[in-house]
Amino acid sequence: MIKKILFVSFIAIIFTACNDDESNVQNADTTIIEDFLMPEVAVADFESKAGEFVGKEIEVSGIVDHVCKHGGKKILLVDGDFSLHVFNDERYDEDLSGSKVAVIGVVEEEKIDDDYLNKWWEHAQGSHSEGTDADKEYLAQVEAEIQQIRDSLQEAGVDHFSEYSLKYVSHKEKK
């Protein structure tokens, strides 16, 4: 009787161990597969789909229309009538202009809300506080833009608008 109980217990332990290993292998395979799947988003669809990928890497393909001349840390990626700025911490090689590329980047979101608008107004006032006619004109324009955005937020019944950008990770040239 004891031998039968030990034998059944031994079989149960083996099956349990096998099932655990099998589930771990399945989880490992799933993770590996997920790591290699990179969402591809068309330039034309970036604005409408970017919210789904905030903080995640995606691939966007297009032609580099130009490398920003002011700092070289931004490219304009185009595809037909649509465009997307891709930001980088490092300077891009200017030879990239005209190349067809697949860019991998992280989608970033900037929320345009009351806090953002207040900071914008404070910055505008601080940098144009000398009281010249040009300062007064600039501040009036900024104040009007801020009010227009506040009105749009209220009309839409939302507390913020989102602006999305792509933070460069890597790229590969396409033929």
# chains A, B, ... in the order shown; residues from 1 in each chain; ligands from 1
>>> residues_around(residues="range 139-156 of chain A", least_positions_apart="6", cutoff="9 Å", atoms="only C-alpha atoms", output="mmCIF file with N, CA and C atoms, in the first residue's frame")
data_model
loop_
_atom_site.group_PDB
_atom_site.id
_atom_site.type_symbol
_atom_site.label_atom_id
_atom_site.label_comp_id
_atom_site.auth_asym_id
_atom_site.auth_seq_id
_atom_site.Cartn_x
_atom_site.Cartn_y
_atom_site.Cartn_z
ATOM 1 N N ILE A 112 -0.875 68.871 -24.107
ATOM 2 C CA ILE A 112 -1.153 70.297 -24.095
ATOM 3 C C ILE A 112 -2.364 70.482 -23.184
ATOM 4 N N ASP A 113 -2.086 70.878 -21.933
ATOM 5 C CA ASP A 113 -3.139 71.047 -20.944
ATOM 6 C C ASP A 113 -2.954 72.391 -20.252
ATOM 7 N N ASP A 114 -3.742 72.652 -19.209
ATOM 8 C CA ASP A 114 -3.658 73.924 -18.496
ATOM 9 C C ASP A 114 -2.263 74.188 -17.951
ATOM 10 N N LEU A 117 -0.010 75.236 -20.784
ATOM 11 C CA LEU A 117 -0.334 76.594 -21.246
ATOM 12 C C LEU A 117 0.140 77.642 -20.242
ATOM 13 N N ASN A 118 0.012 77.364 -18.947
ATOM 14 C CA ASN A 118 0.495 78.300 -17.924
ATOM 15 C C ASN A 118 2.011 78.473 -17.996
ATOM 16 N N TRP A 120 3.865 77.986 -20.640
ATOM 17 C CA TRP A 120 4.144 78.715 -21.889
ATOM 18 C C TRP A 120 3.977 80.219 -21.656
ATOM 19 N N TRP A 121 2.890 80.610 -20.991
ATOM 20 C CA TRP A 121 2.629 82.019 -20.741
ATOM 21 C C TRP A 121 3.704 82.627 -19.838
ATOM 22 N N ALA A 124 6.826 83.109 -21.870
ATOM 23 C CA ALA A 124 6.676 84.233 -22.798
ATOM 24 C C ALA A 124 6.828 85.561 -22.062
ATOM 25 N N GLN A 125 6.211 85.661 -20.914
ATOM 26 C CA GLN A 125 6.318 86.894 -20.136
ATOM 27 C C GLN A 125 7.753 87.127 -19.669
ATOM 28 N N HIS A 128 10.012 88.205 -22.659
ATOM 29 C CA HIS A 128 9.613 89.424 -23.375
ATOM 30 C C HIS A 128 9.070 90.458 -22.388
#
>>> residues_around(residues="Glu59 in chain A", least_positions_apart="6", cutoff="8 Å", atoms="only C-alpha atoms", output="JSON list (two decimals) with C-alpha atoms, in the first residue's frame")
[["chain", "number", "residue", "atom", "x", "y", "z"],
["A", 38, "MET", "CA", 8.11, 45.59, -34.29],
["A", 39, "PRO", "CA", 4.91, 47.48, -35.09],
["A", 40, "GLU", "CA", 5.18, 49.24, -38.44],
["A", 41, "VAL", "CA", 3.25, 52.48, -38.78],
["A", 102, "ALA", "CA", 13.17, 52.65, -42.04],
["A", 103, "VAL", "CA", 13.44, 54.50, -38.73],
["A", 104, "ILE", "CA", 12.97, 52.79, -35.41],
["A", 105, "GLY", "CA", 11.96, 55.18, -32.68]]
>>> closest_residue(among="A:Val169, A:Ile58, A:Ile75, A:Val67", to="Phe46 in chain A", atoms="only C-alpha atoms")
A:Ile58
>>> residues_around(residues="Asn88 in chain A", least_positions_apart="2", cutoff="8 Å", atoms="only C-alpha atoms", output="number ranges by chain")
A: 73-74, 86, 90-92, 167-169
>>> write_last_selection(atoms="N, CA and C atoms", output="tab-separated table (two decimals), in the first residue's frame")
chain	number	residue	atom	x	y	z
A	73	LYS	N	19.71	67.71	-35.53
A	73	LYS	CA	19.18	66.66	-34.65
A	73	LYS	C	17.73	66.31	-34.96
A	74	LYS	N	17.26	66.73	-36.13
A	74	LYS	CA	15.89	66.45	-36.53
A	74	LYS	C	15.86	66.19	-38.03
A	86	VAL	N	11.46	63.40	-36.88
A	86	VAL	CA	12.09	62.40	-36.02
A	86	VAL	C	13.25	63.09	-35.31
A	90	GLU	N	21.69	63.08	-31.01
A	90	GLU	CA	22.93	63.26	-31.78
A	90	GLU	C	22.60	63.89	-33.13
A	91	ARG	N	23.61	64.44	-33.77
A	91	ARG	CA	23.42	65.01	-35.11
A	91	ARG	C	23.26	63.88	-36.13
A	92	TYR	N	22.37	64.10	-37.07
A	92	TYR	CA	22.22	63.17	-38.18
A	92	TYR	C	23.28	63.49	-39.23
A	167	LYS	N	11.08	59.64	-31.20
A	167	LYS	CA	12.45	59.79	-30.69
A	167	LYS	C	13.31	58.71	-31.32
A	168	TYR	N	14.30	59.11	-32.07
A	168	TYR	CA	15.17	58.21	-32.84
A	168	TYR	C	15.88	57.18	-31.96
A	169	VAL	N	15.87	55.92	-32.44
A	169	VAL	CA	16.66	54.86	-31.83
A	169	VAL	C	17.69	54.38	-32.84
>>> atom_distance(atom1="CA of Ile63 in chain A", atom2="CA of Glu47 in chain A")
17.6 Å
>>> closest_residue(among="A:Glu110, A:Asp95, A:Glu52, A:Glu57", to="Gly72 in chain A", atoms="only C-alpha atoms")
A:Asp95
>>> residues_around(residues="Asp65 in chain A", least_positions_apart="5", cutoff="8 Å", atoms="only C-alpha atoms", output="short mmCIF file (atom, residue, chain, number, x, y, z; two decimals) with N, CA and C atoms, in the first residue's frame")
data_model
loop_
_atom_site.label_atom_id
_atom_site.label_comp_id
_atom_site.auth_asym_id
_atom_site.auth_seq_id
_atom_site.Cartn_x
_atom_site.Cartn_y
_atom_site.Cartn_z
N ILE A 75 15.12 65.15 -38.42
CA ILE A 75 14.91 64.90 -39.85
C ILE A 75 13.42 64.99 -40.13
N LEU A 76 13.12 65.31 -41.38
CA LEU A 76 11.73 65.30 -41.84
C LEU A 76 11.58 64.07 -42.72
N LEU A 77 10.78 63.13 -42.25
CA LEU A 77 10.52 61.88 -42.97
C LEU A 77 9.21 62.07 -43.73
N VAL A 78 9.22 61.82 -45.03
CA VAL A 78 8.02 62.02 -45.85
C VAL A 78 7.62 60.74 -46.57
N SER A 97 19.84 62.95 -46.36
CA SER A 97 18.83 63.63 -47.17
C SER A 97 18.64 62.91 -48.50
N GLY A 98 17.37 62.64 -48.82
CA GLY A 98 17.03 61.96 -50.06
C GLY A 98 17.01 60.45 -49.97
#
>>> select_by_dssp(residues="range 33-100 of chain A", states="helix (DSSP H, G or I)", output="PDB file with all heavy atoms, in the first residue's frame")
ATOM      1  N   ILE A  33       9.144  35.950 -29.193  1.00  0.00           N
ATOM      2  CA  ILE A  33       8.411  36.394 -30.377  1.00  0.00           C
ATOM      3  C   ILE A  33       8.002  37.853 -30.238  1.00  0.00           C
ATOM      4  O   ILE A  33       8.172  38.644 -31.152  1.00  0.00           O
ATOM      5  CB  ILE A  33       7.173  35.495 -30.623  1.00  0.00           C
ATOM      6  CG1 ILE A  33       7.638  34.118 -31.077  1.00  0.00           C
ATOM      7  CG2 ILE A  33       6.246  36.103 -31.645  1.00  0.00           C
ATOM      8  CD1 ILE A  33       6.542  33.085 -31.137  1.00  0.00           C
ATOM      9  N   GLU A  34       7.502  38.256 -29.056  1.00  0.00           N
ATOM     10  CA  GLU A  34       7.087  39.637 -28.864  1.00  0.00           C
ATOM     11  C   GLU A  34       8.267  40.591 -29.007  1.00  0.00           C
ATOM     12  O   GLU A  34       8.113  41.698 -29.507  1.00  0.00           O
ATOM     13  CB  GLU A  34       6.435  39.805 -27.496  1.00  0.00           C
ATOM     14  CG  GLU A  34       5.065  39.192 -27.411  1.00  0.00           C
ATOM     15  CD  GLU A  34       4.478  39.230 -26.011  1.00  0.00           C
ATOM     16  OE1 GLU A  34       5.140  39.715 -25.074  1.00  0.00           O
ATOM     17  OE2 GLU A  34       3.363  38.745 -25.870  1.00  0.00           O
ATOM     18  N   ASP A  35       9.455  40.189 -28.567  1.00  0.00           N
ATOM     19  CA  ASP A  35      10.620  41.049 -28.692  1.00  0.00           C
ATOM     20  C   ASP A  35      10.980  41.316 -30.148  1.00  0.00           C
ATOM     21  O   ASP A  35      11.524  42.360 -30.466  1.00  0.00           O
ATOM     22  CB  ASP A  35      11.825  40.427 -27.983  1.00  0.00           C
ATOM     23  CG  ASP A  35      11.711  40.517 -26.468  1.00  0.00           C
ATOM     24  OD1 ASP A  35      10.843  41.266 -25.983  1.00  0.00           O
ATOM     25  OD2 ASP A  35      12.478  39.821 -25.775  1.00  0.00           O
ATOM     26  N   PHE A  36      10.693  40.372 -31.034  1.00  0.00           N
ATOM     27  CA  PHE A  36      11.082  40.532 -32.424  1.00  0.00           C
ATOM     28  C   PHE A  36      10.003  41.185 -33.277  1.00  0.00           C
ATOM     29  O   PHE A  36      10.275  41.609 -34.393  1.00  0.00           O
ATOM     30  CB  PHE A  36      11.493  39.184 -33.025  1.00  0.00           C
ATOM     31  CG  PHE A  36      12.840  38.742 -32.533  1.00  0.00           C
ATOM     32  CD1 PHE A  36      12.945  37.771 -31.563  1.00  0.00           C
ATOM     33  CD2 PHE A  36      14.000  39.323 -33.019  1.00  0.00           C
ATOM     34  CE1 PHE A  36      14.184  37.378 -31.086  1.00  0.00           C
ATOM     35  CE2 PHE A  36      15.237  38.932 -32.551  1.00  0.00           C
ATOM     36  CZ  PHE A  36      15.330  37.953 -31.585  1.00  0.00           C
ATOM     37  N   VAL A  43       3.742  56.666 -42.256  1.00  0.00           N
ATOM     38  CA  VAL A  43       3.843  58.094 -41.933  1.00  0.00           C
ATOM     39  C   VAL A  43       2.440  58.702 -41.913  1.00  0.00           C
ATOM     40  O   VAL A  43       2.098  59.483 -41.026  1.00  0.00           O
ATOM     41  CB  VAL A  43       4.763  58.827 -42.936  1.00  0.00           C
ATOM     42  CG1 VAL A  43       4.738  60.323 -42.693  1.00  0.00           C
ATOM     43  CG2 VAL A  43       6.191  58.303 -42.846  1.00  0.00           C
ATOM     44  N   ALA A  44       1.610  58.326 -42.877  1.00  0.00           N
ATOM     45  CA  ALA A  44       0.249  58.863 -42.986  1.00  0.00           C
ATOM     46  C   ALA A  44      -0.612  58.518 -41.774  1.00  0.00           C
ATOM     47  O   ALA A  44      -1.540  59.247 -41.430  1.00  0.00           O
ATOM     48  CB  ALA A  44      -0.418  58.338 -44.252  1.00  0.00           C
ATOM     49  N   ASP A  45      -0.314  57.420 -41.102  1.00  0.00           N
ATOM     50  CA  ASP A  45      -1.112  56.965 -39.963  1.00  0.00           C
ATOM     51  C   ASP A  45      -0.524  57.337 -38.611  1.00  0.00           C
ATOM     52  O   ASP A  45      -1.111  57.029 -37.572  1.00  0.00           O
ATOM     53  CB  ASP A  45      -1.265  55.438 -40.014  1.00  0.00           C
ATOM     54  CG  ASP A  45      -2.025  54.978 -41.237  1.00  0.00           C
ATOM     55  OD1 ASP A  45      -2.874  55.740 -41.735  1.00  0.00           O
ATOM     56  OD2 ASP A  45      -1.761  53.846 -41.700  1.00  0.00           O
ATOM     57  N   PHE A  46       0.635  57.971 -38.602  1.00  0.00           N
ATOM     58  CA  PHE A  46       1.334  58.216 -37.340  1.00  0.00           C
ATOM     59  C   PHE A  46       0.467  58.983 -36.339  1.00  0.00           C
ATOM     60  O   PHE A  46       0.324  58.568 -35.194  1.00  0.00           O
ATOM     61  CB  PHE A  46       2.658  58.957 -37.562  1.00  0.00           C
ATOM     62  CG  PHE A  46       3.415  59.181 -36.280  1.00  0.00           C
ATOM     63  CD1 PHE A  46       4.145  58.158 -35.700  1.00  0.00           C
ATOM     64  CD2 PHE A  46       3.376  60.407 -35.635  1.00  0.00           C
ATOM     65  CE1 PHE A  46       4.823  58.351 -34.504  1.00  0.00           C
ATOM     66  CE2 PHE A  46       4.049  60.609 -34.438  1.00  0.00           C
ATOM     67  CZ  PHE A  46       4.774  59.581 -33.876  1.00  0.00           C
ATOM     68  N   GLU A  47      -0.109  60.102 -36.745  1.00  0.00           N
ATOM     69  CA  GLU A  47      -0.893  60.915 -35.812  1.00  0.00           C
ATOM     70  C   GLU A  47      -2.066  60.149 -35.222  1.00  0.00           C
ATOM     71  O   GLU A  47      -2.360  60.266 -34.047  1.00  0.00           O
ATOM     72  CB  GLU A  47      -1.384  62.202 -36.481  1.00  0.00           C
ATOM     73  CG  GLU A  47      -0.339  63.282 -36.573  1.00  0.00           C
ATOM     74  CD  GLU A  47       0.199  63.738 -35.220  1.00  0.00           C
ATOM     75  OE1 GLU A  47      -0.583  63.953 -34.268  1.00  0.00           O
ATOM     76  OE2 GLU A  47       1.429  63.873 -35.101  1.00  0.00           O
ATOM     77  N   SER A  48      -2.743  59.357 -36.035  1.00  0.00           N
ATOM     78  CA  SER A  48      -3.931  58.657 -35.550  1.00  0.00           C
ATOM     79  C   SER A  48      -3.594  57.421 -34.719  1.00  0.00           C
ATOM     80  O   SER A  48      -4.375  57.016 -33.865  1.00  0.00           O
ATOM     81  CB  SER A  48      -4.847  58.273 -36.707  1.00  0.00           C
ATOM     82  OG  SER A  48      -4.213  57.358 -37.564  1.00  0.00           O
ATOM     83  N   LYS A  49      -2.434  56.820 -34.924  1.00  0.00           N
ATOM     84  CA  LYS A  49      -2.082  55.583 -34.220  1.00  0.00           C
ATOM     85  C   LYS A  49      -1.046  55.757 -33.115  1.00  0.00           C
ATOM     86  O   LYS A  49      -0.843  54.859 -32.310  1.00  0.00           O
ATOM     87  CB  LYS A  49      -1.576  54.543 -35.220  1.00  0.00           C
ATOM     88  CG  LYS A  49      -2.653  54.051 -36.158  1.00  0.00           C
ATOM     89  CD  LYS A  49      -2.156  52.922 -37.017  1.00  0.00           C
ATOM     90  CE  LYS A  49      -3.292  52.389 -37.876  1.00  0.00           C
ATOM     91  NZ  LYS A  49      -2.887  51.213 -38.635  1.00  0.00           N
ATOM     92  N   ALA A  50      -0.396  56.893 -33.065  1.00  0.00           N
ATOM     93  CA  ALA A  50       0.708  57.089 -32.117  1.00  0.00           C
ATOM     94  C   ALA A  50       0.285  56.875 -30.670  1.00  0.00           C
ATOM     95  O   ALA A  50       1.057  56.347 -29.874  1.00  0.00           O
ATOM     96  CB  ALA A  50       1.314  58.478 -32.287  1.00  0.00           C
ATOM     97  N   GLY A  51      -0.929  57.248 -30.321  1.00  0.00           N
ATOM     98  CA  GLY A  51      -1.399  57.096 -28.947  1.00  0.00           C
ATOM     99  C   GLY A  51      -1.369  55.658 -28.450  1.00  0.00           C
ATOM    100  O   GLY A  51      -1.227  55.408 -27.255  1.00  0.00           O
ATOM    101  N   GLU A  52      -1.469  54.700 -29.370  1.00  0.00           N
ATOM    102  CA  GLU A  52      -1.432  53.286 -29.011  1.00  0.00           C
ATOM    103  C   GLU A  52      -0.018  52.822 -28.631  1.00  0.00           C
ATOM    104  O   GLU A  52       0.137  51.765 -28.034  1.00  0.00           O
ATOM    105  CB  GLU A  52      -1.887  52.423 -30.198  1.00  0.00           C
ATOM    106  CG  GLU A  52      -3.282  52.686 -30.694  1.00  0.00           C
ATOM    107  CD  GLU A  52      -3.558  51.967 -32.002  1.00  0.00           C
ATOM    108  OE1 GLU A  52      -3.036  50.837 -32.201  1.00  0.00           O
ATOM    109  OE2 GLU A  52      -4.289  52.525 -32.837  1.00  0.00           O
ATOM    110  N   PHE A  53       0.994  53.605 -29.027  1.00  0.00           N
ATOM    111  CA  PHE A  53       2.379  53.155 -28.892  1.00  0.00           C
ATOM    112  C   PHE A  53       3.244  54.064 -28.025  1.00  0.00           C
ATOM    113  O   PHE A  53       4.468  53.983 -28.080  1.00  0.00           O
ATOM    114  CB  PHE A  53       3.007  53.032 -30.285  1.00  0.00           C
ATOM    115  CG  PHE A  53       2.291  52.066 -31.185  1.00  0.00           C
ATOM    116  CD1 PHE A  53       1.522  52.523 -32.241  1.00  0.00           C
ATOM    117  CD2 PHE A  53       2.367  50.702 -30.959  1.00  0.00           C
ATOM    118  CE1 PHE A  53       0.853  51.632 -33.076  1.00  0.00           C
ATOM    119  CE2 PHE A  53       1.697  49.804 -31.780  1.00  0.00           C
ATOM    120  CZ  PHE A  53       0.939  50.267 -32.836  1.00  0.00           C
ATOM    121  N   GLU A  94      24.203  64.520 -42.705  1.00  0.00           N
ATOM    122  CA  GLU A  94      23.462  65.278 -43.725  1.00  0.00           C
ATOM    123  C   GLU A  94      23.308  64.495 -45.023  1.00  0.00           C
ATOM    124  O   GLU A  94      22.421  64.778 -45.821  1.00  0.00           O
ATOM    125  CB  GLU A  94      24.121  66.635 -43.960  1.00  0.00           C
ATOM    126  CG  GLU A  94      23.921  67.562 -42.781  1.00  0.00           C
ATOM    127  CD  GLU A  94      24.436  68.969 -43.030  1.00  0.00           C
ATOM    128  OE1 GLU A  94      24.434  69.419 -44.208  1.00  0.00           O
ATOM    129  OE2 GLU A  94      24.836  69.612 -42.058  1.00  0.00           O
ATOM    130  N   ASP A  95      24.161  63.489 -45.245  1.00  0.00           N
ATOM    131  CA  ASP A  95      24.045  62.655 -46.441  1.00  0.00           C
ATOM    132  C   ASP A  95      22.778  61.806 -46.439  1.00  0.00           C
ATOM    133  O   ASP A  95      22.447  61.194 -47.445  1.00  0.00           O
ATOM    134  CB  ASP A  95      25.272  61.732 -46.581  1.00  0.00           C
ATOM    135  CG  ASP A  95      26.537  62.507 -46.897  1.00  0.00           C
ATOM    136  OD1 ASP A  95      26.438  63.667 -47.374  1.00  0.00           O
ATOM    137  OD2 ASP A  95      27.637  61.958 -46.674  1.00  0.00           O
ATOM    138  N   LEU A  96      22.076  61.782 -45.323  1.00  0.00           N
ATOM    139  CA  LEU A  96      20.827  61.030 -45.229  1.00  0.00           C
ATOM    140  C   LEU A  96      19.728  61.659 -46.093  1.00  0.00           C
ATOM    141  O   LEU A  96      18.799  60.958 -46.506  1.00  0.00           O
ATOM    142  CB  LEU A  96      20.362  60.984 -43.770  1.00  0.00           C
ATOM    143  CG  LEU A  96      20.004  59.622 -43.256  1.00  0.00           C
ATOM    144  CD1 LEU A  96      21.268  58.856 -42.926  1.00  0.00           C
ATOM    145  CD2 LEU A  96      19.135  59.722 -42.048  1.00  0.00           C
TER     146      LEU A  96
END
>>> select_by_dssp(residues="range 33-159 of chain A", states="strand (DSSP E or B)", output="count of residues only")
38
>>> closest_residue(among="A:Lys111, A:His160, A:Lys172, A:Lys136", to="Gly62 in chain A", atoms="only C-alpha atoms")
A:Lys172
>>> atom_distance(atom1="CA of His70 in chain A", atom2="CA of Val107 in chain A")
22.9 Å
>>> closest_residue(among="A:Val54, A:His171, A:Ala42, A:Glu108", to="Ser83 in chain A", atoms="only C-alpha atoms")
A:Ala42
>>> atom_distance(atom1="CA of Leu84 in chain A", atom2="CA of Ser127 in chain A")
29.3 Å
